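All remarks here apply to the structure that follows.
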Amino acid sequence: MATHVKSAALSNVGKIRSNNQDSGYAGTQLFVVADGMGGHAGGDVASAIAIQRIRETDRAYTSPGDAEFALQSSLIAANQLLAETVFEHQELTGMGTTVSALLRVGDSMAIAHIGDSRIYLYREGELSQITADHTFVQRLVDSGRITPEEAAVHPRRSVLMRVLGDVDAAPEIDTAILGTQPGDRWLICSDGLSSYLAEERVKKGLAAGLDADETARRLVKETLDHGAPDNVTVVIVDIDESGDSSVEPPVTVGSAATPLTFEGASGRRPLRLPTILLHPLKVATTPEDSHFEPESDEYLAELIAEDKRRRRRRRITWLVALVVAVGALVAGLVLTYQWTQDHYYVGEQNGTVVIYKGVQQSIGPIALSSVYEGTSIDVDDLPNYTQQSVKDTISANSLTEARAIVERLADASTQ
């Protein structure tokens with residue numbers, strides 16, 4: 001039986017924040033959550049711009065690979081749009097957004113991800129986190145410096161290492177293609193859910209047997225019941241084989257569901273590099289936008305080290321590519337030259353017949369032939385028709401053949 005998608009999208013401003021900087025989209029094939037950052041004047045704009053650009057990929061594709069490429073390209077295009085918007089509206093300097101997206105092709109899901117929004121898969125009673133957070137504390141966990149439990153309460157847990165925005169012209173985007181099957185339930189959420197609702201409670205909500213819309217409402221409500229100081233956005237995608245093939249209309253939620261405005265606060269100070277990579281503090285007690293200011297330079301050193309590693313990787317990549325290209329060119333020239341040196345022809349030099357090694361071509365000032373063997377045969381001693389042939393050169397397939405030609409010319413010169 002053919003499978004169909006049942007989906008739902010829901011976004012809530014939360015109990016502390018004054019505006020919603022999250023955006024979400026549930027379409028026919030595409031499902032996305034974007035979590036904006038950059039203060040009151042920028043985060044909502046960033047997530048809305050990203051969603052509006054990425055949702056252009058909501059169509060059918062011939063293969064999962066095509067969908068993966070289209071999804072990755074749309075995130076890169078959204079990143080460029082954000083940079084262009086900041087260039088035209090300086091009051092938005094420092095805005096950025098996370099993006100986590102699914103694009104369905106048959107029984108496969110193409111995935112694109114950057115930031116700390118998450119994609120989960122609930123299958124046969126088990127909940128799996130599909131994406132990896134691009135955060136400072138996740139780096140510490142991956143390196144074994146802290147435990148996942150310590151990461152959950154780490155004071156720098158909101159520091160992001162990768163986002164879309166005017167930070168990096170070529171951001172690294174995680175992509176993958178995963179299989180999906182009837183009964184699968186996919187969840188995409190902003191960190192407003194994952195930071196305040198334990199995975200066990202998320203799993204319980206997904207396993208409750210409610211439809212996609214009710215499940216989304218339940219998860220958001222439970223997050224609000226836990227305080228939910230941050231915006232929370234949820235997209236549920238169910239792989240259904242019930243036979244109901246009705247197509248649900250696309251739904252856009254959060255800041256992307258309202259018209260874009262660019263009302264910059266006068267005198268707004270541009271954000272510094274470390275600040276643009278931070279969400280507002282989860283422990284904020286007022287609705288004003290604030291950013292984490294470090295008590296030490298530990299995370300700054302890590303950010304700088306990351307930038308250095310990235311630049312080093314890029315330089316190494318370019319250097320390797322250059323070396324490979326130069327090596328291929330040199331190898332090609334050497335092979336070409338060696339091939340030319342397996343050829344011979346008979347011609348004239350200073351009025352005498354000589355054997356040339358190579359071909360009658362040149363690369364710029366470099367001739368691809370040279371005199372290999374001289375003779376005592378004067379060209380003027382040859383018959384007229386033979387003289388012209390020598391002047392025009394006579395090709396030979398080998399040195400033996402060239403010497404045979406010379407012997408015939410010697411006989412002709414004595415006649």
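Residues are named by chain letter and number: chains run A, B, ... in the order of the structure tokens, numbers start at 1 in each chain, and ligands are numbered from 1 in the order shown.
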Sorted by chain and rising residue number, which residues of region 164-244 of chain A lie within 10 Å of region 51-72 of chain A, and what are their closest atom pairs and distances in Å to one decimal, counting only C-alpha atoms, as a Markdown table?
| residue | atom | partner | partner_atom | distance |
| --- | --- | --- | --- | --- |
| A:Glu172 | CA | A:Gln72 | CA | 9.8 |
| A:Ile173 | CA | A:Gln72 | CA | 7.1 |
| A:Asp174 | CA | A:Gln72 | CA | 8.4 |
| A:Thr175 | CA | A:Glu68 | CA | 6.9 |
| A:Ala176 | CA | A:Glu68 | CA | 7.1 |
| A:Ile177 | CA | A:Pro64 | CA | 6.8 |
| A:Leu178 | CA | A:Pro64 | CA | 9.0 |
| A:Gly179 | CA | A:Pro64 | CA | 9.7 |
Give me, as a PDB file with C-alpha atoms, in the first residue's frame, the residues of region 62-272 of chain A that a backbone DSSP run labels helix (DSSP H, G or I).
ATOM      1  CA  PRO A  64      16.680  11.320  -2.902  1.00  0.00           C
ATOM      2  CA  GLY A  65      20.081  12.546  -4.111  1.00  0.00           C
ATOM      3  CA  ASP A  66      18.439  15.298  -6.147  1.00  0.00           C
ATOM      4  CA  ALA A  67      16.366  16.288  -3.129  1.00  0.00           C
ATOM      5  CA  GLU A  68      19.421  16.352  -0.850  1.00  0.00           C
ATOM      6  CA  PHE A  69      21.288  18.588  -3.309  1.00  0.00           C
ATOM      7  CA  ALA A  70      18.279  20.906  -3.720  1.00  0.00           C
ATOM      8  CA  LEU A  71      17.874  21.183   0.041  1.00  0.00           C
ATOM      9  CA  GLN A  72      21.546  21.949   0.641  1.00  0.00           C
ATOM     10  CA  SER A  73      21.536  24.498  -2.190  1.00  0.00           C
ATOM     11  CA  SER A  74      18.480  26.227  -0.764  1.00  0.00           C
ATOM     12  CA  LEU A  75      20.171  26.647   2.631  1.00  0.00           C
ATOM     13  CA  ILE A  76      23.242  28.139   0.969  1.00  0.00           C
ATOM     14  CA  ALA A  77      20.986  30.466  -1.041  1.00  0.00           C
ATOM     15  CA  ALA A  78      19.173  31.460   2.165  1.00  0.00           C
ATOM     16  CA  ASN A  79      22.535  32.228   3.766  1.00  0.00           C
ATOM     17  CA  GLN A  80      23.358  34.536   0.854  1.00  0.00           C
ATOM     18  CA  LEU A  81      19.975  36.253   1.159  1.00  0.00           C
ATOM     19  CA  LEU A  82      20.609  36.899   4.837  1.00  0.00           C
ATOM     20  CA  ALA A  83      24.012  38.432   4.069  1.00  0.00           C
ATOM     21  CA  GLU A  84      22.480  40.642   1.369  1.00  0.00           C
ATOM     22  CA  THR A  85      19.703  41.725   3.721  1.00  0.00           C
ATOM     23  CA  VAL A  86      22.233  42.739   6.383  1.00  0.00           C
ATOM     24  CA  PHE A  87      24.185  44.685   3.756  1.00  0.00           C
ATOM     25  CA  GLU A  88      21.049  46.640   2.873  1.00  0.00           C
ATOM     26  CA  GLN A  90      22.728  47.559   8.765  1.00  0.00           C
ATOM     27  CA  GLU A  91      20.437  47.548  11.797  1.00  0.00           C
ATOM     28  CA  LEU A  92      20.115  43.768  11.273  1.00  0.00           C
ATOM     29  CA  PHE A 136      30.049  24.638  21.994  1.00  0.00           C
ATOM     30  CA  VAL A 137      28.958  22.190  24.683  1.00  0.00           C
ATOM     31  CA  GLN A 138      28.359  19.441  22.132  1.00  0.00           C
ATOM     32  CA  ARG A 139      31.997  19.869  21.116  1.00  0.00           C
ATOM     33  CA  LEU A 140      32.959  19.435  24.748  1.00  0.00           C
ATOM     34  CA  VAL A 141      30.822  16.293  24.971  1.00  0.00           C
ATOM     35  CA  ASP A 142      32.261  14.875  21.738  1.00  0.00           C
ATOM     36  CA  PRO A 148      25.750  14.941  28.309  1.00  0.00           C
ATOM     37  CA  GLU A 149      24.233  15.550  31.738  1.00  0.00           C
ATOM     38  CA  GLU A 150      26.743  18.337  32.408  1.00  0.00           C
ATOM     39  CA  ALA A 151      26.072  19.778  28.967  1.00  0.00           C
ATOM     40  CA  ALA A 152      22.366  20.151  29.789  1.00  0.00           C
ATOM     41  CA  ASP A 191      15.661  24.196  21.064  1.00  0.00           C
ATOM     42  CA  GLY A 192      12.728  25.809  22.844  1.00  0.00           C
ATOM     43  CA  LEU A 193      11.366  22.261  23.059  1.00  0.00           C
ATOM     44  CA  SER A 194      14.501  20.127  23.305  1.00  0.00           C
ATOM     45  CA  GLU A 199      13.676  13.058  25.707  1.00  0.00           C
ATOM     46  CA  GLU A 200      11.646  10.576  27.738  1.00  0.00           C
ATOM     47  CA  ARG A 201       8.741  13.024  27.849  1.00  0.00           C
ATOM     48  CA  VAL A 202       9.143  13.760  24.132  1.00  0.00           C
ATOM     49  CA  LYS A 203       9.046  10.030  23.441  1.00  0.00           C
ATOM     50  CA  LYS A 204       5.939   9.641  25.585  1.00  0.00           C
ATOM     51  CA  GLY A 205       4.206  12.431  23.694  1.00  0.00           C
ATOM     52  CA  LEU A 206       5.034  10.914  20.321  1.00  0.00           C
ATOM     53  CA  ALA A 212       0.007  14.822  14.167  1.00  0.00           C
ATOM     54  CA  ASP A 213      -1.891  17.996  15.067  1.00  0.00           C
ATOM     55  CA  GLU A 214      -2.831  16.846  18.563  1.00  0.00           C
ATOM     56  CA  THR A 215       0.688  15.550  19.168  1.00  0.00           C
ATOM     57  CA  ALA A 216       2.191  18.917  18.252  1.00  0.00           C
ATOM     58  CA  ARG A 217      -0.273  20.692  20.568  1.00  0.00           C
ATOM     59  CA  ARG A 218       0.509  18.307  23.414  1.00  0.00           C
ATOM     60  CA  LEU A 219       4.279  18.760  23.101  1.00  0.00           C
ATOM     61  CA  VAL A 220       4.000  22.564  22.985  1.00  0.00           C
ATOM     62  CA  LYS A 221       1.596  22.633  25.930  1.00  0.00           C
ATOM     63  CA  GLU A 222       3.882  20.430  28.012  1.00  0.00           C
ATOM     64  CA  THR A 223       6.792  22.719  27.203  1.00  0.00           C
ATOM     65  CA  LEU A 224       4.743  25.748  28.278  1.00  0.00           C
ATOM     66  CA  ASP A 225       3.823  23.935  31.475  1.00  0.00           C
ATOM     67  CA  SER A 255       7.569  34.771  12.157  1.00  0.00           C
ATOM     68  CA  ALA A 256       7.523  33.477   8.560  1.00  0.00           C
ATOM     69  CA  ALA A 257       3.704  33.470   8.709  1.00  0.00           C
TER      70      ALA A 257
END
- Among the residues of region 128-272 of chain A, find those DSSP assigns to strand (DSSP E or B) from the backbone and print them as a ChimeraX atom specification. /A:128-129,135,159-160,164-165,174-179,185-189,232-240,251-254
- Item | Minimum-distance residue to Val232 (chain A), chosen among A:Ser11, A:Thr336, A:Thr97, A:Gln361 (using only C-alpha atoms) |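 Smallest separation from Val232 (chain A) among the options: A:Ser11.
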- Note on the structure: Between A:Gln341, A:Ser128, A:Thr233, A:Asn20, smallest distance to Val359 (chain A) by only C-alpha atoms belongs to A:Gln341
- Select, from A:Ala112, A:Gly24, A:Lys391, A:Tyr196, the residue with the minimum atom-to-atom distance to His226 (chain A), counting only C-alpha atoms.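 Of the candidates, the smallest distance to His226 (chain A) is held by A:Tyr196.
Pairwise distance (CA of Arg157 (chain A), CA of Ser117 (chain A)) equals 13.1 Å.
Interatomic distance, CA of Asp378 (chain A) against CA of Gly351 (chain A): 5.9 Å.
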- Which one is closest to Ser18 (chain A): A:Val354, A:Gly209, A:Asp230, A:Glu348? Count only C-alpha atoms. A:Asp230
- Gly96 (chain A) surroundings by only C-alpha atoms, 7 Å radius, close-in-sequence under 5 positions cut, as a list in words: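 Neighbouring residues, sequence-local ones excluded: Gly36, Met37, Gly38, Gly43, Ala46, Val163, Leu164, Gly165 and Asp166 of chain A.
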Those residues you just picked out, can you put them in a file as a compact mmCIF listing (two decimals), in the first residue's frame with N, CA and C atoms?
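In the end it all went to part_14.txt:
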# COMPACT_ATOMS: atom_id res chain seq x y z
N GLY A 36 15.57 31.70 14.82
CA GLY A 36 16.35 32.90 14.57
C GLY A 36 17.03 33.44 15.80
N MET A 37 18.06 34.23 15.58
CA MET A 37 18.78 34.90 16.66
C MET A 37 19.31 36.22 16.14
N GLY A 38 19.71 37.09 17.05
CA GLY A 38 20.24 38.39 16.66
C GLY A 38 19.47 39.53 17.27
N GLY A 43 16.25 38.33 14.74
CA GLY A 43 16.02 36.90 14.75
C GLY A 43 14.79 36.48 13.97
N ALA A 46 15.49 36.79 10.25
CA ALA A 46 16.40 35.75 9.76
C ALA A 46 15.67 34.44 9.52
N VAL A 163 25.77 28.61 12.08
CA VAL A 163 24.43 29.12 11.78
C VAL A 163 24.41 29.65 10.35
N LEU A 164 23.21 29.88 9.84
CA LEU A 164 23.07 30.67 8.62
C LEU A 164 23.00 32.14 9.02
N GLY A 165 23.62 33.01 8.24
CA GLY A 165 23.58 34.43 8.55
C GLY A 165 24.71 35.16 7.89
N ASP A 166 25.06 36.32 8.45
CA ASP A 166 26.15 37.11 7.87
C ASP A 166 27.47 36.82 8.58
- Extract, using only C-alpha atoms, all DNA, RNA and protein residues at most 7 Å from Ala9 (chain A), discarding same-chain residues fewer than 3 positions from it, and format them as a VMD selection string. chain A and resid 24 to 26 216 234 to 236 251 253
Save the residues we just selected, C-alpha atoms, as an mmCIF file, in the first residue's frame?
data_model
loop_
_atom_site.group_PDB
_atom_site.id
_atom_site.type_symbol
_atom_site.label_atom_id
_atom_site.label_comp_id
_atom_site.auth_asym_id
_atom_site.auth_seq_id
_atom_site.Cartn_x
_atom_site.Cartn_y
_atom_site.Cartn_z
ATOM 1 C CA GLY A 24 8.220 26.548 10.770
ATOM 2 C CA TYR A 25 6.814 25.034 7.607
ATOM 3 C CA ALA A 26 4.917 21.829 6.882
ATOM 4 C CA ALA A 216 2.191 18.917 18.252
ATOM 5 C CA VAL A 234 7.248 21.846 16.480
ATOM 6 C CA VAL A 235 6.694 20.102 13.134
ATOM 7 C CA ILE A 236 5.334 16.549 13.173
ATOM 8 C CA VAL A 251 1.246 25.489 6.740
ATOM 9 C CA VAL A 253 3.973 29.183 11.416
#
- Item | Atomic separation - CA of Gly347 (chain A) relative to CA of Asp380 (chain A), Å |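 That distance, rounded to one decimal, is 13.1 Å.
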- Item | Best match for closeness to Met95 (chain A) among A:Val326, A:Leu333, A:Ile119, A:Val167, counting only C-alpha atoms |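 The closest residue to Met95 (chain A) is A:Val167.
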